[in-house]
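Student: Input structure: my_file-v6.cif, which contains mmCIF, C-alpha atoms.
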```
data_protein
loop_
_atom_site.label_atom_id
_atom_site.label_comp_id
_atom_site.auth_asym_id
_atom_site.auth_seq_id
_atom_site.Cartn_x
_atom_site.Cartn_y
_atom_site.Cartn_z
CA MET A 1 -1.12 33.00 33.07
CA HIS A 2 -4.17 34.97 32.02
CA GLY A 3 -6.03 34.18 35.28
CA GLY A 4 -2.96 35.05 37.41
CA GLY A 5 -2.64 38.40 35.69
CA ALA A 6 -6.27 39.24 36.40
CA ARG A 7 -5.87 38.39 40.08
CA LYS A 8 -2.73 40.55 40.25
CA ALA A 9 -4.50 43.46 38.56
CA ALA A 10 -7.44 43.15 40.99
CA SER A 11 -5.09 43.07 43.98
CA THR A 12 -3.28 46.16 42.72
CA SER A 13 -6.61 47.92 42.23
CA ARG A 14 -7.68 47.09 45.79
CA ARG A 15 -4.37 48.40 47.18
CA SER A 16 -4.78 51.62 45.20
CA ALA A 17 -8.29 52.06 46.52
CA CYS A 18 -7.09 51.46 50.08
CA ASP A 19 -4.25 53.93 49.59
CA ARG A 20 -6.69 56.58 48.31
CA CYS A 21 -8.94 55.89 51.27
CA ARG A 22 -6.06 56.34 53.71
CA ILE A 23 -5.05 59.58 51.98
CA ASP A 24 -8.66 60.81 52.10
CA ARG A 25 -8.89 59.98 55.82
CA LEU A 26 -5.56 61.69 56.49
CA THR A 27 -6.64 64.79 54.56
CA PHE A 28 -9.96 64.87 56.41
CA SER A 29 -8.18 64.49 59.78
CA ARG A 30 -5.85 67.37 58.99
CA GLN A 31 -8.73 69.57 57.87
CA TYR A 32 -10.73 68.66 60.96
CA LEU A 33 -7.81 69.46 63.25
CA LEU A 34 -7.30 72.77 61.45
CA LEU A 35 -11.00 73.57 61.92
CA LEU A 36 -10.77 72.75 65.63
CA ALA A 37 -7.69 74.94 65.96
CA CYS A 38 -9.51 77.83 64.27
CA VAL A 39 -12.52 77.41 66.55
CA ALA A 40 -10.29 77.21 69.62
CA TYR A 41 -8.42 80.35 68.55
CA ALA A 42 -11.67 82.20 67.94
CA GLN A 43 -12.80 81.24 71.43
CA THR A 44 -9.53 82.18 73.15
CA ALA A 45 -8.27 85.18 71.15
CA PRO A 46 -8.82 88.42 73.10
CA ASP A 47 -11.93 90.29 72.00
CA ALA A 48 -11.71 94.04 72.63
CA VAL A 49 -15.47 94.42 72.07
CA VAL A 50 -16.16 91.95 74.89
CA GLY A 51 -13.46 93.65 76.95
CA LYS A 52 -15.11 97.05 76.50
CA LYS A 53 -18.44 95.77 77.86
CA ILE A 54 -16.73 94.28 80.93
CA PHE A 55 -14.65 97.43 81.44
CA GLU A 56 -17.70 99.70 81.29
CA SER A 57 -19.59 97.59 83.84
CA GLN A 58 -16.75 96.83 86.28
CA CYS A 59 -13.85 99.25 85.76
CA ALA A 60 -15.32 102.55 84.58
CA LEU A 61 -16.48 103.57 88.07
CA CYS A 62 -12.84 104.24 89.01
CA HIS A 63 -11.08 104.69 85.66
CA GLY A 64 -13.76 106.63 83.78
CA GLN A 65 -16.08 105.48 81.02
CA SER A 66 -13.40 105.97 78.37
CA GLY A 67 -10.38 105.30 80.61
CA GLY A 68 -9.68 108.99 81.27
CA GLY A 69 -9.28 108.48 85.01
CA GLY A 70 -11.20 109.40 88.14
CA ARG A 71 -10.69 107.71 91.48
CA GLY A 72 -8.30 105.48 89.56
CA PRO A 73 -5.51 106.62 87.22
CA SER A 74 -5.98 107.48 83.57
CA LEU A 75 -5.42 104.57 81.18
CA ASN A 76 -5.21 106.79 78.07
CA ARG A 77 -1.47 106.45 77.72
CA PRO A 78 0.86 104.27 75.67
CA VAL A 79 2.81 103.03 78.70
CA LEU A 80 1.12 102.09 81.98
CA ARG A 81 3.18 102.36 85.14
CA HIS A 82 2.22 98.98 86.59
CA ALA A 83 1.72 97.19 83.28
CA PRO A 84 4.58 97.70 80.82
CA ASP A 85 3.54 94.68 78.74
CA ASP A 86 0.43 92.58 78.07
CA ALA A 87 1.33 89.84 80.56
CA ALA A 88 1.79 92.39 83.34
CA LEU A 89 -1.50 94.08 82.41
CA ARG A 90 -3.41 90.80 82.61
CA SER A 91 -1.79 90.13 85.99
CA VAL A 92 -2.84 93.55 87.30
CA ILE A 93 -6.43 92.97 86.14
CA GLU A 94 -6.55 89.51 87.75
CA ASP A 95 -4.71 90.29 91.00
CA GLY A 96 -5.32 94.03 91.46
CA ILE A 97 -2.97 96.46 93.21
CA PRO A 98 -3.68 96.25 96.95
CA PRO A 99 -5.12 98.13 98.69
CA GLU A 100 -6.41 100.57 96.04
CA MET A 101 -7.44 98.26 93.21
CA PRO A 102 -9.28 94.96 93.81
CA GLY A 103 -8.52 91.95 91.64
CA ALA A 104 -11.04 90.69 89.09
CA TRP A 105 -10.93 87.12 90.40
CA GLN A 106 -14.40 86.42 89.00
CA LEU A 107 -13.32 86.83 85.37
CA HIS A 108 -12.41 83.93 83.07
CA PRO A 109 -8.86 84.15 81.60
CA HIS A 110 -10.38 84.90 78.18
CA GLU A 111 -12.34 87.79 79.72
CA VAL A 112 -9.20 89.09 81.43
CA ALA A 113 -7.33 89.00 78.11
CA SER A 114 -10.22 90.78 76.41
CA VAL A 115 -10.27 93.57 79.03
CA ALA A 116 -6.49 93.91 78.59
CA ALA A 117 -6.93 94.21 74.82
CA TYR A 118 -9.51 96.96 75.29
CA VAL A 119 -7.33 98.83 77.79
CA ARG A 120 -4.44 98.73 75.33
CA SER A 121 -6.72 100.25 72.69
CA LEU A 122 -7.27 103.25 74.99
CA GLY A 123 -3.56 104.03 75.05
CA ALA A 124 -3.30 105.74 71.69
CA VAL A 125 -5.35 108.70 70.52
CA PRO A 126 -5.29 108.68 66.70
CA PRO A 127 -3.48 111.65 65.16
CA GLU A 128 -5.80 114.55 64.34
CA LYS A 129 -5.66 117.05 61.54
CA LEU A 130 -5.49 120.31 63.52
CA PRO A 131 -5.14 123.94 62.52
CA GLY A 132 -1.94 125.66 63.54
CA ASP A 133 1.77 125.28 62.96
CA ALA A 134 3.56 122.90 65.32
CA ALA A 135 6.97 124.53 64.77
CA ARG A 136 5.62 127.94 65.78
CA GLY A 137 3.87 126.23 68.70
CA GLU A 138 7.15 124.76 69.94
CA ALA A 139 8.80 128.19 69.80
CA LEU A 140 5.86 129.63 71.76
CA TYR A 141 6.06 126.78 74.30
CA LEU A 142 9.68 127.66 75.00
CA ARG A 143 9.18 131.42 74.91
CA VAL A 144 6.42 131.56 77.53
CA GLY A 145 8.28 129.21 79.87
CA CYS A 146 6.18 126.02 79.75
CA SER A 147 9.39 124.02 80.12
CA GLY A 148 9.88 125.64 83.52
CA CYS A 149 7.16 123.30 84.84
CA HIS A 150 6.87 120.46 82.31
CA MET A 151 9.18 117.84 80.87
CA ALA A 152 8.98 117.10 77.15
CA SER A 153 11.27 114.51 75.57
CA GLY A 154 13.72 114.73 78.47
CA SER A 155 13.96 118.52 78.56
CA GLY A 156 12.41 120.81 81.14
CA ALA A 157 11.37 120.62 84.80
CA GLY A 158 9.31 118.03 86.63
CA PHE A 159 6.80 120.09 88.59
CA GLY A 160 3.85 119.55 86.26
CA PRO A 161 2.87 116.45 84.25
CA ASP A 162 5.32 115.01 81.73
CA LEU A 163 4.19 116.04 78.25
CA THR A 164 6.43 113.72 76.24
CA ALA A 165 3.49 111.59 75.06
CA ILE A 166 0.59 113.95 75.77
CA GLY A 167 -0.55 113.85 72.13
CA ALA A 168 -0.98 110.07 72.35
CA ARG A 169 -3.15 110.43 75.47
CA ARG A 170 -5.24 113.54 74.87
CA ASN A 171 -7.04 114.99 71.87
CA GLY A 172 -6.84 118.56 70.64
CA ALA A 173 -10.08 119.65 72.34
CA PHE A 174 -8.81 118.53 75.74
CA LEU A 175 -5.45 120.25 75.25
CA ARG A 176 -7.17 123.49 74.25
CA GLN A 177 -9.41 123.35 77.34
CA LYS A 178 -6.41 122.83 79.64
CA LEU A 179 -4.73 125.92 78.21
CA LEU A 180 -7.84 128.07 78.61
CA GLN A 181 -9.37 126.59 81.79
CA PRO A 182 -6.67 124.51 83.51
CA ALA A 183 -8.74 123.84 86.64
CA ALA A 184 -11.90 122.78 84.80
CA VAL A 185 -11.05 119.05 84.94
CA LEU A 186 -8.67 117.75 87.59
CA PRO A 187 -7.92 114.16 88.66
CA ASP A 188 -9.72 113.10 91.83
CA ASP A 189 -6.43 112.54 93.66
CA PHE A 190 -4.96 115.94 92.70
CA GLU A 191 -4.49 118.40 95.55
CA TYR A 192 -2.83 121.81 95.44
CA LEU A 193 -1.71 122.86 98.90
CA ALA A 194 -0.64 125.95 100.80
CA VAL A 195 1.47 124.77 103.75
CA THR A 196 2.79 127.01 106.53
CA ARG A 197 5.26 125.57 109.01
CA THR A 198 5.18 126.90 112.53
CA GLY A 199 7.01 130.24 112.40
CA GLY A 200 7.60 129.93 108.66
CA GLU A 201 6.30 131.30 105.37
CA PRO A 202 3.58 129.63 103.30
CA VAL A 203 4.79 127.24 100.60
CA ARG A 204 2.54 126.06 97.79
CA GLY A 205 2.88 122.70 96.13
CA ILE A 206 1.23 119.58 94.75
CA ARG A 207 0.53 116.79 97.20
CA VAL A 208 2.54 113.63 96.54
CA ASN A 209 1.60 111.51 99.54
CA GLU A 210 -0.13 111.80 102.90
CA ASP A 211 -0.95 109.74 105.96
CA SER A 212 -2.34 110.48 109.39
CA PHE A 213 0.91 111.96 110.69
CA THR A 214 2.91 113.28 107.70
CA ILE A 215 2.45 114.93 104.33
CA GLN A 216 4.73 115.13 101.30
CA PHE A 217 4.42 117.68 98.50
CA LYS A 218 6.41 119.14 95.61
CA ASP A 219 6.83 122.89 95.12
CA ALA A 220 7.15 124.90 91.90
CA ARG A 221 10.93 124.43 91.90
CA ALA A 222 10.34 120.66 91.86
CA ARG A 223 11.68 120.38 95.42
CA PHE A 224 10.12 117.74 97.66
CA HIS A 225 8.99 118.59 101.19
CA SER A 226 8.17 116.01 103.83
CA LEU A 227 6.67 117.37 107.04
CA ARG A 228 5.15 116.01 110.19
CA LYS A 229 1.69 117.44 110.63
CA SER A 230 2.65 118.47 114.16
CA GLU A 231 5.14 120.90 112.54
CA ILE A 232 2.48 122.59 110.42
CA GLN A 233 0.79 125.76 111.57
CA GLU A 234 -1.70 125.90 108.68
CA LEU A 235 -2.57 123.45 105.92
CA ARG A 236 -4.91 124.77 103.24
CA ARG A 237 -6.25 122.55 100.51
CA LEU A 238 -6.79 124.79 97.49
CA GLU A 239 -9.82 123.15 95.93
CA HIS A 240 -10.49 123.81 92.24
CA GLU A 241 -7.09 125.48 91.91
CA THR A 242 -3.99 124.52 89.99
CA PRO A 243 -0.58 126.18 89.69
CA MET A 244 -1.00 126.34 85.91
CA PRO A 245 -2.22 129.78 84.76
CA SER A 246 -4.95 130.33 82.19
CA TYR A 247 -3.74 131.51 78.77
CA GLU A 248 -7.21 132.58 77.65
CA LYS A 249 -6.29 136.30 77.57
CA LYS A 250 -2.59 135.80 76.85
CA PHE A 251 -2.68 134.02 73.49
CA SER A 252 -4.24 135.03 70.22
CA PRO A 253 -6.44 132.39 68.53
CA ALA A 254 -3.59 131.72 66.08
CA ASP A 255 -1.07 131.27 68.92
CA LEU A 256 -3.44 128.89 70.65
CA ASP A 257 -3.84 126.84 67.47
CA ASP A 258 -0.05 126.64 67.11
CA LEU A 259 0.53 125.52 70.70
CA VAL A 260 -2.23 122.87 70.54
CA ALA A 261 -0.74 121.57 67.27
CA TYR A 262 2.68 121.27 68.93
CA LEU A 263 1.35 119.48 72.03
CA ALA A 264 -0.80 117.12 69.97
CA GLY A 265 2.33 116.13 68.05
CA LEU A 266 4.16 114.99 71.19
CA ARG A 267 3.60 111.24 70.91
CA GLY A 268 6.91 109.77 72.08
CA GLN A 269 7.46 107.32 74.94
CA PRO A 270 7.33 108.96 78.39
#
```
Would you mind writing the structure in this file as structure tokens?

Tutor:
Amino acid sequence: MHGGGARKAASTSRRSACDRCRIDRLTFSRQYLLLLACVAYAQTAPDAVVGKKIFESQCALCHGQSGGGGRGPSLNRPVLRHAPDDAALRSVIEDGIPPEMPGAWQLHPHEVASVAAYVRSLGAVPPEKLPGDAARGEALYLRVGCSGCHMASGSGAGFGPDLTAIGARRNGAFLRQKLLQPAAVLPDDFEYLAVTRTGGEPVRGIRVNEDSFTIQFKDARARFHSLRKSEIQELRRLEHETPMPSYEKKFSPADLDDLVAYLAGLRGQP
């Protein structure tokens, strides 16, 4: 009996040791798999720092060094026309928008995702602490007739740019400059026109589209005109001009602070 008990105890001990070994191996396997998952995530998670370097070397020529626009559109906005979500943005980067924007076929998917992450980071200008009173600025905005050309939160006219989210796209210094010197910085594709039809009066407007035979533009009443070039007696391209007046001599410094504070606070969805 004594010998049988010893053998039983030894067998139990061996089983316990085997069980602990299996548990140790299982724990190690789980930890190893977790480590691999972490490494894989680190390698595949979008990296905005990497994306910035790629953007500056391959995208900035058209979109500007900080995404402010140039030959290509500005990317400093919370909602992009052709890329409402991250999947669409990655698709635009990979495939381009023919014929204006070439696709980045040479980029690895991780690089594409990293560029997309960086572009998204350009879409929101952090709120600034600015002098001025936004409530007084809104009253001034309405009093001087800014809403006669601009939309803001669904109210106003559509001749000039929509200002609904201008504070999320532009900082206070830029807004101040546009009020004082509106023609100082204009997008490359912006053209202000003076068009005279044969036997008609000149009409000024912002070019919307143009080809070899026709031209389309929008006048200050937000009316669209589409003309054949054969109908036009004179077409003047008003370089370095914009329909927006300068308010440099119209506003006091305090008024200017108030209006900039109001515009910088417009951060809603366009």

Student: Can you translate the PyMOL selection byres ((chain A and resi 94) around 6) into the concrete residues it hits in this file, as a list in words?

Tutor: Ser91, Val92, Ile93, Asp95, Gly96, Gly103, Ala104 and Trp105 of chain A

Student: For the file shown, report as an MDAnalysis selection string the outcome of the PyMOL selection byres ((chain A and resi 140-149) around 8) at residue level.

Tutor: chainID A and resid 136:139 150:152 155:160 220 255 259

Student: Would you output that residue set with C-alpha atoms, as a PDB file, in the frame of the given file?

Tutor:
```pdb
ATOM      1  CA  ARG A 136       5.620 127.940  65.780  1.00  0.00           C
ATOM      2  CA  GLY A 137       3.870 126.230  68.700  1.00  0.00           C
ATOM      3  CA  GLU A 138       7.150 124.760  69.940  1.00  0.00           C
ATOM      4  CA  ALA A 139       8.800 128.190  69.800  1.00  0.00           C
ATOM      5  CA  HIS A 150       6.870 120.460  82.310  1.00  0.00           C
ATOM      6  CA  MET A 151       9.180 117.840  80.870  1.00  0.00           C
ATOM      7  CA  ALA A 152       8.980 117.100  77.150  1.00  0.00           C
ATOM      8  CA  SER A 155      13.960 118.520  78.560  1.00  0.00           C
ATOM      9  CA  GLY A 156      12.410 120.810  81.140  1.00  0.00           C
ATOM     10  CA  ALA A 157      11.370 120.620  84.800  1.00  0.00           C
ATOM     11  CA  GLY A 158       9.310 118.030  86.630  1.00  0.00           C
ATOM     12  CA  PHE A 159       6.800 120.090  88.590  1.00  0.00           C
ATOM     13  CA  GLY A 160       3.850 119.550  86.260  1.00  0.00           C
ATOM     14  CA  ALA A 220       7.150 124.900  91.900  1.00  0.00           C
ATOM     15  CA  ASP A 255      -1.070 131.270  68.920  1.00  0.00           C
ATOM     16  CA  LEU A 259       0.530 125.520  70.700  1.00  0.00           C
TER      17      LEU A 259
END
```

Student: Need the shell around Ser121 (chain A): protein/DNA/RNA residues with any atom at most 9 Å away, counting all atoms listed in the file. Skip same-chain ones fewer than 4 positions apart. Format as a list in words?

Tutor: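 What passes the distance filter is Ala48, Asn76, Ala116, Ala117 and Val125 of chain A.
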
Student: Within 12 Å of (-5.5, 133.5, 78.2) (coordinates as in the file), grab all the protein and nucleic acid residues, counting all atoms listed in the file, and write them out as a PyMOL selection string.

Tutor: chain A and resi 176-182+244-253+255-256

Student: Name the residues that the PyMOL selection byres ((chain A and resi 75) around 8) pulls out of this structure, and write them as a list in words.

Tutor: His63, Gly67, Gly68, Gly69, Pro73, Ser74, Asn76, Arg77, Leu80, Val119, Leu122 and Gly123 of chain A
